[in-house]
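Student: So here's structure.txt, just compact mmCIF, C-alpha atoms:
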# COMPACT_ATOMS: atom_id res chain seq x y z
CA ASP A 1294 -33.85 132.42 67.59
CA GLN A 1295 -31.68 132.72 64.49
CA GLN A 1296 -34.05 133.49 61.65
CA VAL A 1297 -31.37 133.70 58.97
CA LYS A 1298 -28.88 130.85 59.07
CA GLN A 1299 -25.56 130.33 57.37
CA ASN A 1300 -24.65 126.83 58.44
CA SER A 1301 -21.18 126.74 56.90
CA PRO A 1302 -18.77 128.92 58.86
CA SER A 1303 -16.10 128.55 56.19
CA LEU A 1304 -15.53 127.52 52.58
CA SER A 1305 -12.30 126.96 50.65
CA VAL A 1306 -12.23 127.12 46.86
CA GLN A 1307 -9.51 127.20 44.22
CA GLU A 1308 -9.11 130.21 41.97
CA GLY A 1309 -11.20 129.92 38.83
CA ARG A 1310 -13.69 127.51 40.33
CA ILE A 1311 -17.24 128.24 41.46
CA SER A 1312 -17.95 129.35 45.04
CA ILE A 1313 -21.42 128.56 46.39
CA LEU A 1314 -22.47 130.16 49.64
CA ASN A 1315 -25.73 129.04 51.20
CA CYS A 1316 -28.31 130.67 53.43
CA ASP A 1317 -31.54 129.36 54.96
CA TYR A 1318 -34.32 131.34 56.55
CA THR A 1319 -37.17 130.35 58.79
CA ASN A 1320 -39.70 133.16 58.41
CA SER A 1321 -41.83 133.29 55.26
CA MET A 1322 -42.45 137.01 55.94
CA PHE A 1323 -38.97 137.89 54.66
CA ASP A 1324 -39.49 139.59 51.31
CA TYR A 1325 -36.10 140.92 50.18
CA PHE A 1326 -32.71 139.30 50.49
CA LEU A 1327 -29.21 140.75 50.30
CA TRP A 1328 -25.63 139.54 50.32
CA TYR A 1329 -22.82 141.55 51.87
CA LYS A 1330 -19.07 141.01 51.71
CA LYS A 1331 -16.84 141.99 54.60
CA TYR A 1332 -13.06 142.30 54.86
CA PRO A 1333 -11.40 142.32 58.32
CA ALA A 1334 -11.64 145.64 60.17
CA GLU A 1335 -13.95 147.08 57.52
CA GLY A 1336 -17.71 147.48 57.27
CA PRO A 1337 -19.82 145.14 55.12
CA THR A 1338 -20.16 146.09 51.46
CA PHE A 1339 -23.41 145.46 49.63
CA LEU A 1340 -22.99 142.90 46.82
CA ILE A 1341 -26.29 141.84 45.34
CA SER A 1342 -29.95 141.50 46.29
CA ILE A 1343 -33.08 139.68 45.22
CA SER A 1344 -36.77 140.28 45.74
CA SER A 1345 -39.03 137.45 46.81
CA ILE A 1346 -40.93 137.75 43.53
CA LYS A 1347 -37.82 136.61 41.62
CA ASP A 1348 -35.82 133.40 41.71
CA LYS A 1349 -32.55 134.66 40.21
CA ASN A 1350 -30.56 137.85 39.99
CA GLU A 1351 -27.22 138.23 38.24
CA ASP A 1352 -24.51 140.88 38.42
CA GLY A 1353 -21.26 140.07 36.68
CA ARG A 1354 -19.59 137.15 38.42
CA PHE A 1355 -22.22 137.09 41.17
CA THR A 1356 -25.58 135.33 40.93
CA VAL A 1357 -28.11 134.91 43.71
CA PHE A 1358 -30.72 132.16 43.56
CA LEU A 1359 -33.85 132.10 45.70
CA ASN A 1360 -35.91 128.97 46.39
CA LYS A 1361 -38.94 130.18 48.32
CA SER A 1362 -40.48 126.76 48.85
CA ALA A 1363 -37.27 125.56 50.51
CA LYS A 1364 -36.65 128.94 52.21
CA HIS A 1365 -33.15 128.85 50.80
CA LEU A 1366 -30.94 131.20 48.89
CA SER A 1367 -27.46 130.85 47.54
CA LEU A 1368 -24.74 133.10 46.17
CA HIS A 1369 -22.66 131.80 43.27
CA ILE A 1370 -19.34 133.40 42.40
CA VAL A 1371 -17.93 132.36 39.03
CA PRO A 1372 -15.02 132.39 38.50
CA SER A 1373 -13.71 132.80 42.04
CA GLN A 1374 -10.72 135.10 42.52
CA PRO A 1375 -8.31 135.46 45.47
CA GLY A 1376 -9.70 138.96 46.07
CA ASP A 1377 -13.07 137.37 46.81
CA SER A 1378 -11.64 135.98 50.06
CA ALA A 1379 -13.77 137.60 52.76
CA VAL A 1380 -16.69 136.93 55.08
CA TYR A 1381 -20.05 136.86 53.30
CA PHE A 1382 -23.23 137.73 55.16
CA CYS A 1383 -26.70 136.84 54.04
CA ALA A 1384 -29.39 139.29 55.19
CA ALA A 1385 -33.13 139.59 54.79
CA TYR A 1386 -35.69 142.33 55.29
CA LEU A 1387 -38.54 141.49 57.63
CA ASN A 1388 -41.58 143.74 57.39
CA THR A 1389 -42.63 144.36 60.98
CA GLY A 1390 -44.05 147.81 60.39
CA PHE A 1391 -40.46 148.92 60.30
CA GLN A 1392 -38.40 146.98 57.75
CA LYS A 1393 -35.76 145.32 59.88
CA LEU A 1394 -32.65 143.83 58.30
CA VAL A 1395 -31.81 140.44 59.84
CA PHE A 1396 -28.30 139.06 59.31
CA GLY A 1397 -26.89 135.57 59.23
CA THR A 1398 -23.68 134.71 61.08
CA GLY A 1399 -21.49 134.80 57.99
CA THR A 1400 -19.40 132.37 55.92
CA ARG A 1401 -15.67 132.91 55.54
CA LEU A 1402 -14.61 132.26 51.95
CA LEU A 1403 -10.97 131.54 51.14
CA VAL A 1404 -10.01 131.46 47.47
CA SER A 1405 -6.54 130.04 46.96
CA PRO A 1406 -4.40 130.67 43.87
CA ASP B 1418 -16.58 160.88 47.79
CA GLY B 1419 -19.90 159.99 49.40
CA GLY B 1420 -19.84 157.62 52.31
CA ILE B 1421 -20.15 156.90 56.00
CA THR B 1422 -17.38 157.88 58.39
CA GLN B 1423 -17.06 156.30 61.79
CA SER B 1424 -14.60 157.49 64.40
CA PRO B 1425 -12.54 156.57 66.20
CA LYS B 1426 -11.46 153.26 64.66
CA TYR B 1427 -10.40 151.93 68.07
CA LEU B 1428 -11.72 153.02 71.45
CA PHE B 1429 -10.97 151.94 74.99
CA ARG B 1430 -13.37 152.37 77.86
CA LYS B 1431 -12.66 152.35 81.55
CA GLU B 1432 -15.10 150.83 84.01
CA GLY B 1433 -17.98 153.18 84.79
CA GLN B 1434 -17.21 155.47 81.86
CA ASN B 1435 -19.55 156.56 79.07
CA VAL B 1436 -18.05 156.72 75.59
CA THR B 1437 -19.49 158.14 72.37
CA LEU B 1438 -18.96 156.69 68.91
CA SER B 1439 -19.29 159.05 66.00
CA CYS B 1440 -21.09 158.33 62.72
CA GLU B 1441 -21.36 160.87 59.91
CA GLN B 1442 -22.78 160.34 56.41
CA ASN B 1443 -22.78 162.58 53.34
CA LEU B 1444 -25.05 160.35 51.25
CA ASN B 1445 -28.15 162.45 52.03
CA HIS B 1446 -29.76 159.32 53.46
CA ASP B 1447 -32.80 159.68 55.71
CA ALA B 1448 -32.36 156.47 57.71
CA MET B 1449 -29.42 155.57 59.94
CA TYR B 1450 -28.68 152.50 62.04
CA TRP B 1451 -26.29 151.19 64.69
CA TYR B 1452 -25.30 147.53 64.84
CA ARG B 1453 -23.10 145.50 67.11
CA GLN B 1454 -21.04 142.53 65.89
CA ASP B 1455 -19.65 139.90 68.26
CA PRO B 1456 -17.34 137.06 67.17
CA GLY B 1457 -19.21 134.31 65.34
CA GLN B 1458 -22.45 136.24 65.33
CA GLY B 1459 -24.39 138.25 62.83
CA LEU B 1460 -24.98 141.96 63.17
CA ARG B 1461 -27.53 142.91 65.82
CA LEU B 1462 -29.53 146.13 65.67
CA ILE B 1463 -29.02 148.54 68.58
CA TYR B 1464 -30.91 151.67 67.48
CA TYR B 1465 -32.29 153.11 64.28
CA SER B 1466 -33.50 156.47 63.08
CA GLN B 1467 -35.84 156.94 60.14
CA ILE B 1468 -35.72 160.71 60.17
CA VAL B 1469 -34.11 163.63 61.98
CA ASN B 1470 -35.16 164.04 65.63
CA ASP B 1471 -36.64 160.56 65.73
CA PHE B 1472 -35.08 157.26 66.75
CA GLN B 1473 -36.26 153.86 67.95
CA LYS B 1474 -34.79 151.00 69.96
CA GLY B 1475 -33.61 147.93 68.14
CA ASP B 1476 -33.13 144.45 69.55
CA ILE B 1477 -30.33 145.20 72.04
CA ALA B 1478 -30.77 148.86 73.07
CA GLU B 1479 -30.15 148.41 76.81
CA GLY B 1480 -27.06 150.30 77.93
CA TYR B 1481 -26.92 152.46 74.80
CA SER B 1482 -28.28 155.87 73.82
CA VAL B 1483 -28.40 157.84 70.58
CA SER B 1484 -29.37 161.23 69.21
CA ARG B 1485 -30.31 162.44 65.73
CA GLU B 1486 -30.14 166.22 65.74
CA LYS B 1487 -28.80 166.45 62.19
CA LYS B 1488 -29.52 164.35 59.12
CA GLU B 1489 -25.82 163.64 58.66
CA SER B 1490 -25.01 162.55 62.19
CA PHE B 1491 -26.10 159.66 64.43
CA PRO B 1492 -23.77 159.31 67.45
CA LEU B 1493 -23.99 156.30 69.75
CA THR B 1494 -23.18 156.52 73.45
CA VAL B 1495 -22.18 153.33 75.24
CA THR B 1496 -23.10 153.95 78.85
CA SER B 1497 -21.73 152.38 82.01
CA ALA B 1498 -24.97 150.38 82.18
CA GLN B 1499 -23.77 148.29 79.22
CA LYS B 1500 -22.00 145.50 81.07
CA ASN B 1501 -20.45 143.80 78.07
CA PRO B 1502 -19.50 146.61 75.68
CA THR B 1503 -16.51 144.92 74.01
CA ALA B 1504 -17.55 144.49 70.38
CA PHE B 1505 -17.25 145.84 66.85
CA TYR B 1506 -19.79 148.63 66.27
CA LEU B 1507 -21.08 149.40 62.79
CA CYS B 1508 -23.09 152.39 61.62
CA ALA B 1509 -25.19 152.18 58.47
CA SER B 1510 -27.51 154.34 56.43
CA SER B 1511 -30.10 153.89 53.72
CA MET B 1512 -31.97 156.28 51.47
CA VAL B 1513 -35.31 155.62 53.04
CA ALA B 1514 -36.32 153.26 55.79
CA GLY B 1515 -38.86 150.64 54.86
CA GLU B 1516 -38.40 150.28 51.10
CA ASN B 1517 -36.00 147.36 50.73
CA GLN B 1518 -33.03 149.67 50.28
CA PRO B 1519 -29.53 148.26 50.72
CA GLN B 1520 -27.90 149.64 53.82
CA HIS B 1521 -24.44 151.12 53.41
CA PHE B 1522 -21.95 150.68 56.21
CA GLY B 1523 -19.06 152.56 57.72
CA ASP B 1524 -15.78 150.82 58.58
CA GLY B 1525 -16.68 150.35 62.23
CA THR B 1526 -15.33 151.16 65.67
CA ARG B 1527 -13.79 148.47 67.82
CA LEU B 1528 -14.51 149.11 71.49
CA SER B 1529 -12.53 147.40 74.23
CA ILE B 1530 -12.51 147.58 78.00
CA LEU B 1531 -9.40 148.69 79.84
Could the structure of this file be written out as structure tokens, please?
Tutor:
Amino acid sequence: DQQVKQNSPSLSVQEGRISILNCDYTNSMFDYFLWYKKYPAEGPTFLISISSIKDKNEDGRFTVFLNKSAKHLSLHIVPSQPGDSAVYFCAAYLNTGFQKLVFGTGTRLLVSP
Amino acid sequence: DGGITQSPKYLFRKEGQNVTLSCEQNLNHDAMYWYRQDPGQGLRLIYYSQIVNDFQKGDIAEGYSVSREKKESFPLTVTSAQKNPTAFYLCASSMVAGENQPQHFGDGTRLSIL
């Protein structure tokens, strides 16, 4: 049962444009959400996070939006750069006594010059 | 430079053989984790440790074992009981378990069967 879903396996965007990566979750007990970026043969790198008490968090070119009623979050990258080309994972903390981090399956972003 | 070091980067296992993947961190983090990544899938939790000398099974612990004798080290052994060990293995750490801390990852070990 995939509790964190990234339904788009890939996304292609032109340099300078906005990239929007989407993530849906099924469990309302998730209370903290994170985005990671991963290059091939490397570990994921933490990008940005958002608490369930907020609906937006911004860090430079990266903004995460959270819509709790829709159980949906999105990562906006503006402007997109070729170096942003990577796989992006959405993840969420589930409080089960131990705070378990649940990952989506990832979206591969390709930013072309 | 603080970080998480995983070794080796590539590892090959023969049938019936146990292999151990190393994970060392110098971030002074209390919590450490092992994940497995298969193609087209998200990361799945194998084992985690919230403190030295303590560890717990994650979602897919069968065929794996760990130890946490030192704060800096959390080695993972893939035993012969793990029938499908070919995957990308990632070690992570966080300052404290259970406080919405971002987990920081090593660069992974790719394990293949000979």
Student: Write out as an NGL selection string which residues come within 9 Å of stretch 1437-1442 of chain B when counting all atoms listed in the file, dropping same-chain ones fewer than 5 positions away.
Tutor: :B and (1419-1425 or 1428 or 1449 or 1488-1496 or 1506-1510 or 1523 or 1526)
Student: What are the residues of chain A that have an atom within 8 Å of an atom of chain B, counting all atoms listed in the file, as a PyMOL selection string?
Tutor: chain A and resi 1325+1327+1334-1339+1382+1386+1388+1391-1393+1395-1399
Student: Find the residue from A:Ser1321, A:Ser1312, A:Ser1405, A:Ser1342 that sits nearest to A:Pro1372; use all atoms listed in the file when measuring.
Tutor: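 That would be A:Ser1312, the residue with the smallest distance to A:Pro1372.
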Student: Is there a way to get, as a ChimeraX atom specification, all residues within 8 Å of the point (-22.3, 127.1, 57.4) in file coordinates, counting all atoms listed in the file?
Tutor: /A:1298-1303,1315,1399-1400
Student: Could you work out how far atom CA of A:Leu1340 lies from atom CA of A:Leu1368, giving the answer in Å with one decimal?
Tutor: 10.0 Å
Student: Would you mind listing what lies within 8 Å of A:His1369 as a VMD selection string, with all atoms listed in the file counted and same-chain residues fewer than 4 positions away left out?
Tutor: chain A and resid 1311 to 1314 1354 to 1357
Student: Suppose you want the space between atom CA of A:Glu1308 and atom CA of A:Asp1352; what is it in Å?
Tutor: 19.1 Å
Student: Could you check the closest approach to B:Asp1476 for each of A:Leu1394, A:Gly1376, A:Lys1349, A:Leu1366 and tell me which residue wins, using all atoms listed in the file?
Tutor: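 Of A:Leu1394, A:Gly1376, A:Lys1349, A:Leu1366, the one nearest B:Asp1476 is A:Leu1394, counting all atoms listed in the file.
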Student: (-28.3, 152.4, 74.6) in this file's frame - what residues fall within 8 Å of it? Use only C-alpha atoms and give the answer as a JSON list (two decimals) with C-alpha atoms, in the frame of the given file.
Tutor:
[["chain", "number", "residue", "atom", "x", "y", "z"],
["B", 1463, "ILE", "CA", -29.02, 148.54, 68.58],
["B", 1464, "TYR", "CA", -30.91, 151.67, 67.48],
["B", 1477, "ILE", "CA", -30.33, 145.20, 72.04],
["B", 1478, "ALA", "CA", -30.77, 148.86, 73.07],
["B", 1479, "GLU", "CA", -30.15, 148.41, 76.81],
["B", 1480, "GLY", "CA", -27.06, 150.30, 77.93],
["B", 1481, "TYR", "CA", -26.92, 152.46, 74.80],
["B", 1482, "SER", "CA", -28.28, 155.87, 73.82],
["B", 1483, "VAL", "CA", -28.40, 157.84, 70.58],
["B", 1493, "LEU", "CA", -23.99, 156.30, 69.75],
["B", 1494, "THR", "CA", -23.18, 156.52, 73.45],
["B", 1495, "VAL", "CA", -22.18, 153.33, 75.24],
["B", 1496, "THR", "CA", -23.10, 153.95, 78.85],
["B", 1499, "GLN", "CA", -23.77, 148.29, 79.22]]
Student: Contacts of A:Pro1375 at 10 Å or less, counting all atoms listed in the file, minus same-chain residues fewer than 3 places along, as a count of residues only?
Tutor: 11
Student: What is the distance, in Å and to one decimal place, between atom CA of B:Leu1528 and atom CA of B:Ala1504?
Tutor: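 Computed distance, atom CA of B:Leu1528 to atom CA of B:Ala1504, equals 5.6 Å.
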Student: Applying 7 Å and all atoms listed in the file, which residues near B:Met1512 remain after dropping the ones on its own chain fewer than 3 positions away? List them as a ChimeraX atom specification.
Tutor: /B:1446-1448,1518
Student: Which one of A:Ile1341, A:Gln1296, A:Asp1324, A:Lys1331 sits closest to A:Ser1367 if you count only C-alpha atoms?
Tutor: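 Among A:Ile1341, A:Gln1296, A:Asp1324, A:Lys1331, it is A:Ile1341 that comes nearest to A:Ser1367.
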Student: Which residue out of A:Tyr1332, A:Phe1326, A:Ser1344, A:Phe1358 has the minimum interatomic distance to A:Asp1377 when only C-alpha atoms are used?
Tutor: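 Smallest separation from A:Asp1377 among the options: A:Tyr1332.
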Student: Measuring between only C-alpha atoms, which one of A:His1365, A:Val1371, A:Thr1389, A:Arg1401 shows the shortest distance to A:Cys1316?
Tutor: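 Smallest distance to A:Cys1316 is found for A:His1365.
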Student: Would you mind completing stretch 1378-1400 of chain A to N, CA and C atoms and writing the output as an mmCIF file, in the frame of the given file?
Tutor:
data_model
loop_
_atom_site.group_PDB
_atom_site.id
_atom_site.type_symbol
_atom_site.label_atom_id
_atom_site.label_comp_id
_atom_site.auth_asym_id
_atom_site.auth_seq_id
_atom_site.Cartn_x
_atom_site.Cartn_y
_atom_site.Cartn_z
ATOM 1 N N SER A 1378 -11.801 136.513 48.707
ATOM 2 C CA SER A 1378 -11.640 135.980 50.060
ATOM 3 C C SER A 1378 -12.101 137.020 51.082
ATOM 4 N N ALA A 1379 -13.125 136.673 51.824
ATOM 5 C CA ALA A 1379 -13.770 137.600 52.760
ATOM 6 C C ALA A 1379 -14.841 136.823 53.521
ATOM 7 N N VAL A 1380 -15.514 137.513 54.416
ATOM 8 C CA VAL A 1380 -16.690 136.930 55.080
ATOM 9 C C VAL A 1380 -17.933 137.420 54.348
ATOM 10 N N TYR A 1381 -18.821 136.518 54.020
ATOM 11 C CA TYR A 1381 -20.050 136.860 53.300
ATOM 12 C C TYR A 1381 -21.247 136.683 54.230
ATOM 13 N N PHE A 1382 -22.032 137.754 54.322
ATOM 14 C CA PHE A 1382 -23.230 137.730 55.160
ATOM 15 C C PHE A 1382 -24.470 137.719 54.275
ATOM 16 N N CYS A 1383 -25.364 136.837 54.601
ATOM 17 C CA CYS A 1383 -26.700 136.840 54.040
ATOM 18 C C CYS A 1383 -27.579 137.684 54.958
ATOM 19 N N ALA A 1384 -28.492 138.468 54.384
ATOM 20 C CA ALA A 1384 -29.390 139.290 55.190
ATOM 21 C C ALA A 1384 -30.764 139.325 54.533
ATOM 22 N N ALA A 1385 -31.774 139.567 55.325
ATOM 23 C CA ALA A 1385 -33.130 139.590 54.790
ATOM 24 C C ALA A 1385 -33.937 140.662 55.490
ATOM 25 N N TYR A 1386 -34.808 141.317 54.727
ATOM 26 C CA TYR A 1386 -35.690 142.330 55.290
ATOM 27 C C TYR A 1386 -36.974 141.660 55.781
ATOM 28 N N LEU A 1387 -37.324 141.984 57.020
ATOM 29 C CA LEU A 1387 -38.540 141.490 57.630
ATOM 30 C C LEU A 1387 -39.458 142.676 57.846
ATOM 31 N N ASN A 1388 -40.652 142.616 57.278
ATOM 32 C CA ASN A 1388 -41.580 143.740 57.390
ATOM 33 C C ASN A 1388 -42.374 143.616 58.682
ATOM 34 N N THR A 1389 -41.944 144.396 59.696
ATOM 35 C CA THR A 1389 -42.630 144.360 60.980
ATOM 36 C C THR A 1389 -43.248 145.713 61.283
ATOM 37 N N GLY A 1390 -43.665 146.415 60.238
ATOM 38 C CA GLY A 1390 -44.050 147.810 60.390
ATOM 39 C C GLY A 1390 -42.846 148.645 60.025
ATOM 40 N N PHE A 1391 -41.769 148.417 60.720
ATOM 41 C CA PHE A 1391 -40.460 148.920 60.300
ATOM 42 C C PHE A 1391 -39.741 147.773 59.619
ATOM 43 N N GLN A 1392 -39.097 148.048 58.479
ATOM 44 C CA GLN A 1392 -38.400 146.980 57.750
ATOM 45 C C GLN A 1392 -37.047 146.728 58.400
ATOM 46 N N LYS A 1393 -36.962 145.637 59.136
ATOM 47 C CA LYS A 1393 -35.760 145.320 59.880
ATOM 48 C C LYS A 1393 -34.887 144.370 59.076
ATOM 49 N N LEU A 1394 -33.594 144.674 59.029
ATOM 50 C CA LEU A 1394 -32.650 143.830 58.300
ATOM 51 C C LEU A 1394 -32.075 142.817 59.283
ATOM 52 N N VAL A 1395 -32.273 141.523 58.979
ATOM 53 C CA VAL A 1395 -31.810 140.440 59.840
ATOM 54 C C VAL A 1395 -30.626 139.759 59.164
ATOM 55 N N PHE A 1396 -29.526 139.605 59.886
ATOM 56 C CA PHE A 1396 -28.300 139.060 59.310
ATOM 57 C C PHE A 1396 -28.056 137.629 59.749
ATOM 58 N N GLY A 1397 -27.434 136.856 58.861
ATOM 59 C CA GLY A 1397 -26.890 135.570 59.230
ATOM 60 C C GLY A 1397 -25.549 135.757 59.921
ATOM 61 N N THR A 1398 -24.929 134.649 60.316
ATOM 62 C CA THR A 1398 -23.680 134.710 61.080
ATOM 63 C C THR A 1398 -22.441 134.776 60.195
ATOM 64 N N GLY A 1399 -22.620 134.636 58.889
ATOM 65 C CA GLY A 1399 -21.490 134.800 57.990
ATOM 66 C C GLY A 1399 -20.810 133.489 57.614
ATOM 67 N N THR A 1400 -20.238 133.478 56.409
ATOM 68 C CA THR A 1400 -19.400 132.370 55.920
ATOM 69 C C THR A 1400 -18.087 132.963 55.443
#
